[in-house]
Structure formats: structure tokens, C-alpha cells
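Shown next: start.txt, given as compact mmCIF, C-alpha atoms and all ligand atoms.
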```
# COMPACT_ATOMS: atom_id res chain seq x y z
CA MET A 24 25.02 19.61 -1.39
CA ASP A 25 25.05 17.01 1.36
CA LYS A 26 25.73 13.41 0.25
CA ASN A 27 22.49 12.02 1.63
CA LYS A 28 20.51 14.60 -0.29
CA VAL A 29 22.23 13.53 -3.53
CA ILE A 30 21.43 9.88 -2.75
CA THR A 31 17.76 10.84 -2.28
CA LEU A 32 17.66 12.67 -5.63
CA LEU A 33 19.37 9.81 -7.48
CA ASN A 34 16.99 7.29 -5.92
CA GLU A 35 14.08 9.38 -7.12
CA ASP A 36 15.60 9.24 -10.63
CA LEU A 37 16.17 5.50 -10.32
CA GLU A 38 12.52 4.91 -9.35
CA GLY A 39 11.49 6.93 -12.41
CA GLU A 40 13.62 4.72 -14.65
CA HIS A 41 12.09 1.60 -13.11
CA GLY A 42 8.57 2.92 -13.86
CA ALA A 43 9.55 3.82 -17.43
CA ILE A 44 11.02 0.35 -18.09
CA ILE A 45 7.82 -1.36 -17.01
CA GLN A 46 5.51 1.08 -18.81
CA TYR A 47 7.42 0.75 -22.10
CA LEU A 48 7.78 -3.05 -21.89
CA THR A 49 4.05 -3.38 -21.20
CA HIS A 50 3.34 -1.31 -24.32
CA ALA A 51 5.89 -3.12 -26.48
CA TYR A 52 4.57 -6.58 -25.52
CA ALA A 53 0.95 -5.49 -26.03
CA MET A 54 1.74 -4.41 -29.61
CA GLY A 55 3.08 -7.85 -30.59
CA GLU A 56 5.85 -8.32 -33.13
CA GLY A 57 6.85 -5.39 -35.30
CA GLU A 58 9.32 -2.64 -35.84
CA MET A 59 7.78 -0.15 -33.43
CA ALA A 60 7.59 -2.71 -30.59
CA CYS A 61 11.29 -3.50 -31.15
CA GLU A 62 12.22 0.16 -31.03
CA ILE A 63 10.27 0.64 -27.79
CA GLU A 64 12.02 -2.39 -26.27
CA ALA A 65 15.33 -0.81 -27.27
CA ILE A 66 14.32 2.36 -25.40
CA ALA A 67 13.42 0.25 -22.34
CA ARG A 68 16.92 -1.25 -22.52
CA GLU A 69 18.44 2.23 -22.48
CA GLU A 70 16.40 3.00 -19.36
CA MET A 71 17.88 -0.16 -17.80
CA ARG A 72 21.37 1.19 -18.43
CA HIS A 73 20.36 4.48 -16.80
CA LEU A 74 19.00 2.59 -13.81
CA ASP A 75 22.25 0.67 -13.55
CA TRP A 76 24.43 3.81 -13.67
CA LEU A 77 22.26 5.53 -11.06
CA ALA A 78 22.36 2.50 -8.75
CA GLU A 79 26.16 2.20 -9.01
CA THR A 80 26.53 5.91 -8.21
CA ILE A 81 24.20 5.60 -5.21
CA VAL A 82 26.30 2.71 -3.87
CA GLU A 83 29.55 4.66 -4.43
CA LEU A 84 28.05 7.43 -2.30
CA GLY A 85 27.29 4.91 0.45
CA GLY A 86 23.56 4.68 -0.26
CA ILE A 87 21.16 1.81 -0.93
CA PRO A 88 19.43 1.70 -4.34
CA SER A 89 15.65 1.95 -4.01
CA LEU A 90 13.51 -1.00 -5.06
CA LYS A 91 10.41 1.14 -5.46
CA ARG A 92 8.86 1.74 -8.84
CA GLY A 93 8.10 5.33 -9.78
CA LYS A 94 4.90 6.67 -11.28
CA MET A 95 3.61 5.10 -14.48
CA ARG A 96 1.06 6.42 -16.97
CA MET A 97 -0.81 3.29 -17.95
CA SER A 98 -4.19 4.61 -19.16
CA GLY A 99 -5.33 4.79 -22.80
CA ASP A 100 -7.37 2.61 -25.13
CA SER A 101 -5.27 2.76 -28.27
CA VAL A 102 -1.60 2.44 -29.16
CA ALA A 103 -1.56 6.16 -30.04
CA ASP A 104 -2.86 6.93 -26.51
CA TRP A 105 -0.09 4.77 -25.02
CA MET A 106 2.52 6.57 -27.07
CA ARG A 107 1.13 9.92 -25.85
CA ASN A 108 1.54 8.63 -22.29
CA ASP A 109 5.11 7.60 -23.08
CA VAL A 110 5.78 11.15 -24.35
CA LEU A 111 4.37 12.48 -21.06
CA LEU A 112 6.46 10.09 -18.96
CA GLU A 113 9.59 11.26 -20.77
CA GLU A 114 8.55 14.85 -19.99
CA ASP A 115 8.22 13.92 -16.31
CA GLY A 116 11.73 12.48 -16.42
CA ILE A 117 13.20 15.41 -18.33
CA ASN A 118 11.75 17.93 -15.84
CA LEU A 119 13.07 15.96 -12.88
CA TYR A 120 16.56 15.54 -14.37
CA ARG A 121 16.75 19.25 -15.16
CA GLU A 122 15.89 20.11 -11.54
CA HIS A 123 18.44 17.62 -10.23
CA ILE A 124 21.20 18.92 -12.51
CA LYS A 125 20.66 22.38 -10.99
CA ALA A 126 20.80 20.98 -7.46
CA ILE A 127 23.81 18.63 -7.75
CA ASP A 128 27.25 20.23 -7.58
CA ASP A 129 29.49 17.15 -7.87
CA PRO A 130 30.77 17.52 -11.47
CA LYS A 131 31.06 13.80 -12.14
CA ILE A 132 27.51 13.04 -11.00
CA ARG A 133 26.15 16.08 -12.81
CA ARG A 134 27.83 14.94 -16.01
CA LEU A 135 26.20 11.52 -15.66
CA VAL A 136 22.74 13.02 -15.13
CA GLU A 137 23.25 15.34 -18.14
CA ARG A 138 24.20 12.28 -20.20
CA ILE A 139 20.96 10.55 -19.16
CA LEU A 140 18.93 13.71 -19.83
CA SER A 141 20.16 13.82 -23.41
CA ASP A 142 18.90 10.23 -23.92
CA GLU A 143 15.50 11.19 -22.48
CA GLU A 144 15.25 14.11 -24.90
CA SER A 145 15.93 11.71 -27.73
CA HIS A 146 13.29 9.25 -26.41
CA HIS A 147 10.82 12.11 -26.19
CA ARG A 148 11.27 12.77 -29.92
CA ASP A 149 10.98 9.04 -30.68
CA PHE A 150 7.68 8.71 -28.82
CA GLU A 151 6.27 11.83 -30.49
CA HIS A 152 7.07 10.17 -33.79
CA PHE A 153 5.43 6.92 -32.59
CA VAL A 154 2.15 8.75 -31.78
CA GLU A 155 1.96 9.83 -35.40
CA LYS A 156 3.14 6.45 -36.70
CA ALA A 157 0.60 4.52 -34.59
CA GLN A 158 -2.22 6.64 -36.00
CA ARG A 159 -0.96 6.38 -39.57
CA GLU A 160 -0.41 2.63 -39.45
CA GLY A 161 -3.41 1.79 -37.29
CA ALA A 162 -1.21 -0.04 -34.72
CA LYS A 163 -3.28 -2.47 -32.62
CA ASP A 164 -3.43 -3.83 -29.10
CA VAL A 165 -2.87 -7.56 -29.77
CA ARG A 166 -3.55 -8.80 -26.25
CA GLY A 167 -6.32 -11.35 -25.79
CA SER A 168 -8.62 -12.14 -22.89
CA ARG A 169 -7.60 -15.75 -22.27
CA THR A 170 -7.13 -16.30 -18.52
CA ASP A 171 -7.02 -20.08 -18.15
CA ARG A 172 -4.49 -22.05 -16.11
CA VAL A 173 -1.77 -21.90 -18.77
CA VAL A 174 -1.92 -18.11 -18.94
CA GLN A 175 -2.01 -17.93 -15.14
CA THR A 176 1.07 -20.14 -14.86
CA LEU A 177 2.96 -18.08 -17.44
CA ASN A 178 2.02 -14.90 -15.57
CA TRP A 179 3.24 -16.55 -12.38
CA GLY A 180 6.51 -17.08 -14.28
CA ILE A 181 6.66 -13.39 -15.21
CA GLU A 182 6.10 -12.45 -11.58
CA HIS A 183 8.94 -14.75 -10.56
CA GLU A 184 11.30 -13.48 -13.27
CA TYR A 185 10.60 -9.82 -12.48
CA THR A 186 11.24 -10.51 -8.78
CA VAL A 187 14.59 -12.23 -9.37
CA ILE A 188 15.71 -9.56 -11.85
CA LEU A 189 15.25 -6.95 -9.10
CA GLN A 190 16.75 -9.26 -6.48
CA TYR A 191 19.90 -10.17 -8.45
CA MET A 192 20.46 -6.57 -9.56
CA PHE A 193 20.03 -5.31 -6.00
CA GLN A 194 22.39 -7.98 -4.68
CA SER A 195 24.95 -7.22 -7.41
CA TYR A 196 25.02 -3.62 -6.16
CA MET A 197 25.24 -4.59 -2.49
CA THR A 198 27.69 -7.50 -2.45
CA THR A 199 31.39 -6.93 -1.90
CA ASN A 200 32.25 -10.26 -3.55
CA LYS A 201 33.37 -9.39 -7.11
CA GLU A 202 32.79 -12.86 -8.52
CA ALA A 203 29.27 -12.97 -7.07
CA LYS A 204 28.61 -9.49 -8.47
CA LYS A 205 29.49 -10.62 -11.98
CA GLU A 206 27.41 -13.79 -11.77
CA LEU A 207 24.42 -11.92 -10.35
CA GLU A 208 24.60 -9.42 -13.22
CA ASP A 209 24.83 -12.24 -15.78
CA GLN A 210 21.94 -14.19 -14.31
CA ALA A 211 19.79 -11.03 -14.06
CA ILE A 212 20.26 -10.56 -17.82
CA ASN A 213 19.30 -14.19 -18.40
CA GLU A 214 16.13 -13.68 -16.28
CA MET A 215 15.27 -10.62 -18.42
CA GLN A 216 15.37 -12.93 -21.42
CA HIS A 217 13.00 -15.34 -19.64
CA LEU A 218 10.60 -12.52 -18.84
CA GLY A 219 10.52 -11.50 -22.51
CA TRP A 220 9.93 -15.09 -23.69
CA LEU A 221 7.08 -15.55 -21.24
CA ALA A 222 5.42 -12.28 -22.24
CA GLU A 223 5.69 -13.14 -25.94
CA LYS A 224 4.27 -16.60 -25.31
CA ILE A 225 1.29 -15.15 -23.43
CA ILE A 226 0.62 -12.78 -26.34
CA ASP A 227 0.90 -15.74 -28.76
CA ILE A 228 -1.82 -17.64 -26.95
CA SER A 229 -4.11 -14.59 -26.62
CA GLY A 230 -3.50 -13.69 -22.99
CA ASN A 231 -2.41 -10.53 -21.23
CA PRO A 232 1.12 -10.44 -19.75
CA GLU A 233 1.06 -8.71 -16.36
CA LEU A 234 4.27 -7.14 -15.10
CA LYS A 235 4.08 -7.50 -11.33
CA HIS A 236 6.64 -8.70 -8.82
CA THR A 237 6.62 -10.13 -5.31
CA GLU A 238 8.87 -9.49 -2.35
CA VAL A 239 12.59 -9.08 -3.06
CA ASP A 240 15.11 -10.61 -0.65
CA GLN A 241 17.19 -7.82 0.83
CA SER A 242 19.86 -9.73 2.72
CA THR A 243 23.02 -7.74 3.26
CA LYS A 244 25.47 -10.64 3.65
CA THR A 245 26.54 -12.37 0.45
CA ALA A 246 26.04 -15.88 1.89
CA ASP A 247 22.46 -15.03 2.91
CA MET A 248 21.79 -13.55 -0.55
CA LEU A 249 23.01 -16.73 -2.24
CA ARG A 250 20.98 -18.98 0.06
CA ALA A 251 17.82 -17.03 -0.82
CA ASP A 252 18.72 -17.23 -4.54
CA ILE A 253 19.35 -20.98 -4.51
CA ASP A 254 16.04 -21.48 -2.75
CA ILE A 255 14.05 -19.44 -5.26
CA GLU A 256 15.83 -21.04 -8.25
CA ARG A 257 15.00 -24.55 -7.06
CA LYS A 258 11.36 -23.62 -6.56
CA VAL A 259 10.96 -22.08 -10.00
CA ALA A 260 12.82 -24.95 -11.70
CA ALA A 261 10.37 -27.41 -10.10
CA GLU A 262 7.39 -25.28 -11.18
CA TYR A 263 8.59 -24.98 -14.81
CA ASP A 264 9.32 -28.71 -14.86
CA CYS A 265 5.89 -29.58 -13.56
CA THR A 266 4.10 -27.24 -16.00
CA ALA A 267 6.18 -28.56 -18.91
CA LYS A 268 5.02 -32.09 -18.15
CA GLU A 269 1.37 -31.04 -18.07
CA THR A 270 1.30 -29.05 -21.31
CA GLU A 271 0.50 -30.51 -24.71
CA ASP A 272 1.72 -27.49 -26.66
CA PRO A 273 5.17 -28.68 -27.90
CA LYS A 274 6.61 -25.18 -28.23
CA LEU A 275 5.51 -24.23 -24.75
CA LYS A 276 6.99 -27.48 -23.42
CA ASP A 277 10.35 -26.65 -25.06
CA LEU A 278 10.27 -23.13 -23.66
CA LEU A 279 9.52 -24.29 -20.12
CA LEU A 280 12.17 -27.02 -20.19
CA ARG A 281 14.76 -24.61 -21.52
CA MET A 282 14.03 -22.15 -18.73
CA ARG A 283 14.04 -24.99 -16.18
CA ASP A 284 17.54 -25.94 -17.32
CA HIS A 285 18.68 -22.33 -17.01
CA GLU A 286 17.25 -22.10 -13.49
CA LEU A 287 19.01 -25.32 -12.46
CA TYR A 288 22.23 -23.87 -13.86
CA HIS A 289 21.67 -20.67 -11.85
CA ALA A 290 21.15 -22.73 -8.68
CA GLU A 291 24.45 -24.55 -9.29
CA VAL A 292 26.38 -21.35 -10.00
CA PHE A 293 25.02 -19.79 -6.81
CA GLY A 294 25.76 -23.03 -4.93
CA ASP A 295 29.44 -22.89 -5.94
CA LEU A 296 29.66 -19.24 -4.90
CA LEU A 297 28.05 -20.06 -1.56
CA LYS A 298 30.59 -22.84 -0.87
CA LYS A 299 33.45 -20.41 -1.50
CA GLU A 300 31.81 -17.73 0.60
CA GLU A 301 31.32 -20.17 3.49
CA GLY A 302 34.93 -21.35 3.07
CA LYS A 303 36.09 -17.75 3.44
CA ALA A 304 34.03 -17.30 6.59
CA GLN A 305 35.63 -20.40 8.15
CA GLY A 306 39.17 -19.78 6.90
FE FE A 401 13.57 7.76 -21.62
FE FE A 402 14.27 -17.33 -14.96
FE FE A 403 17.06 -18.27 -12.53
```
Rewrite the structure from the file as C-alpha cells, please.
Amino acid sequence: MDKNKVITLLNEDLEGEHGAIIQYLTHAYAMGEGEMACEIEAIAREEMRHLDWLAETIVELGGIPSLKRGKMRMSGDSVADWMRNDVLLEEDGINLYREHIKAIDDPKIRRLVERILSDEESHHRDFEHFVEKAQREGAKDVRGSRTDRVVQTLNWGIEHEYTVILQYMFQSYMTTNKEAKKELEDQAINEMQHLGWLAEKIIDISGNPELKHTEVDQSTKTADMLRADIDIERKVAAEYDCTAKETEDPKLKDLLLRMRDHELYHAEVFGDLLKKEEGKAQG
């Protein structure tokens, strides 16, 4: 099979993983604290590893990892309905991976896809079990309908965090600077933590966390990537700082200030990398 065709198939798989991550996280957050929500978050983390392996393989083949999100199945009025949709999404993935295994002849890539398929079969069983468990335990949607300024600001934060997670991951795949790659991976993981904190906080105050993102910077030169990152970090640090000063909720204030400090740290790390990168260009 021609290399470009393999890249296309793997990007289709990657988009599917992206959709699954967001569908499962949305469900896990909406269920609040509890064992089942934790297990679903753990499944979402496995999908992130799949996405990462697929992206690295695409880059090794000379391709560009897709930033599109695949189909999601977000309907349903009860937790049991959501779990049925998660079963169906796993079936979509399983069918696609089986087709791709048949089509791909590179043994190393086929082995990777088979490895992912076996995880999806295990997730499928988990979600079937969760349908039954949700019915038995009467699992509830714990989201509220609060939409005031605080909830809006926290959802703005989620939108920012989701955007930079995609941006830093994409850049980590595309940069040829090894040190920048490692930092971008580390900071993407830190932004995932922020996204989770924000979603939990929104649930705490009876809002509805919305997992949307805005435009992702797709610079191809490392220095341009870092400039875009520093810019976005400074903006979000200022926004978190400003919101922290306005809020009277002491826990929310702590959360916002902690994230602000992380974002300032990210800006500094990226600033150091940019100086080195510019030094290289001149030297
Ligand atoms: Fe899965
Ligand atoms: Fe962040
Ligand atoms: Fe950041």
C-alpha cells in the first residue's frame, strides 16, 4: 500500500480517537465524582495514548497529524444512554481498525493497530458493563444549569486549555527541536490537568462544562510555534489573574492563581527555548 494511503487511514483513526476522548471526558465530568467516572477517565487516557502513537507514526511516514475531531455520539438523556453510546462508539472504532488492519501491509504499523484494537475490545466490554451498572446504581447527570459570568469564564478557560493541548501536541509532533518537543509534551500534560480542574469546578458550582476549542496555531517553524505559545500563555495568565481578583470564592481564587502561575511558568519555559532557537538561527 502506498505511504500516503496509510497516512490517510491513520489520520482517520486519529480523528476517531480524538472524538472518543472528548465524548468520554464529557460523560465522565457530567457524572461527577465516583468510581465509574474515574474508570471512564482512565479509558479516555488510554485513547490519548493511542492518539499519540498514531500521530508519531504519521510523522514518521512523512505525514501531518490531523487536528480534526471524528464523529461523536452525544445524544441520550440518562447515564445508561450515554454508556450505550460509548459502546457504539467503540464498535465504530473496532470496525474501522479491523478494516485498516486488512489494508495495511507494513508489519510494524499493523502490529500497532492490532495493539490498539485489543484495547478497544476491552473498552467495549467495560462500557457494556457500565450500561448495566448505571441502571443498577441509578447513576445521575450532575450538571446544573448555572450560566452566569463565573461559569462563562471557566468555560472560556476550558476552551483555552483544549486549544493549547491540541496546539502543543501538534507542535511536539512537528518540531525537529528535541528539547522543545519534550517541553511541549510536558506542558500539554499540565494543560490537561487544568482542563480537568476547570471542568470539575464548573460541576461543583452547578454549571455545564463545554468541551470546545478555538483555532490552533499551525506554524511549521519552531521559533514561530514558540512565539505563538508565549503570546497565548501571557493572555491566559492575565485572564486568570483578573478573574481571580474578582472572585469571592476562596477555592476558586486559589485554583485560578495556581493556574496563572503555571501559565507564567510555561511562558518563561517557551521564552528560554525561543532565545536558544533564535541563537541557532543567527549562529
Ligand atoms: Fe476505546
Ligand atoms: Fe493552562
Ligand atoms: Fe499554559
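Residues with any atom within 9 Å of Tyr191 in chain A, counting all atoms listed in the file and excluding same-chain neighbours fewer than 2 positions away, are Thr186, Val187, Ile188, Leu189, Phe193, Gln194, Ser195, Tyr196, Lys204, Glu206, Leu207, Glu208, Gln210, Ala211, Met248 and Asp252 of chain A.
The spacing separating CA of Met71 in chain A from CA of Leu296 in chain A amounts to 25.9 Å.
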- line: Between A:Lys26, A:His147, A:His289, A:Arg121, smallest distance to ligand FE 401 (chain A) by all atoms listed in the file belongs to A:His147
- request: Throw together the list of residues within 12 Å of ligand FE 402 (chain A), counting only C-alpha atoms and all ligand atoms, and drop it here as an MDAnalysis selection string.
  value: chainID A and resid 177 179:191 209:221 252 255:263 278:290
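Take the candidates A:Gly55, A:Gly99, A:Gly302, A:Gly294 and check each one against Glu223 in chain A using only C-alpha atoms; the shortest distance goes to A:Gly55.
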- request: Please indicate the distance in Å from CA of Asp247 in chain A to CA of Ile87 in chain A, rounded to one decimal place.
  value: 17.3 Å
field: Protein and nucleic acid residues within 9 Å of ligand FE 401 (chain A) (all atoms listed in the file) as JSON, numbers by chain
entry: {"A": [40, 43, 44, 66, 67, 69, 70, 73, 109, 110, 112, 113, 114, 116, 117, 139, 140, 142, 143, 144, 145, 146, 147]}
message: Please compute the CA of Val136 in chain A-CA of Arg92 in chain A distance, one decimal, in Å.
response: 19.0 Å
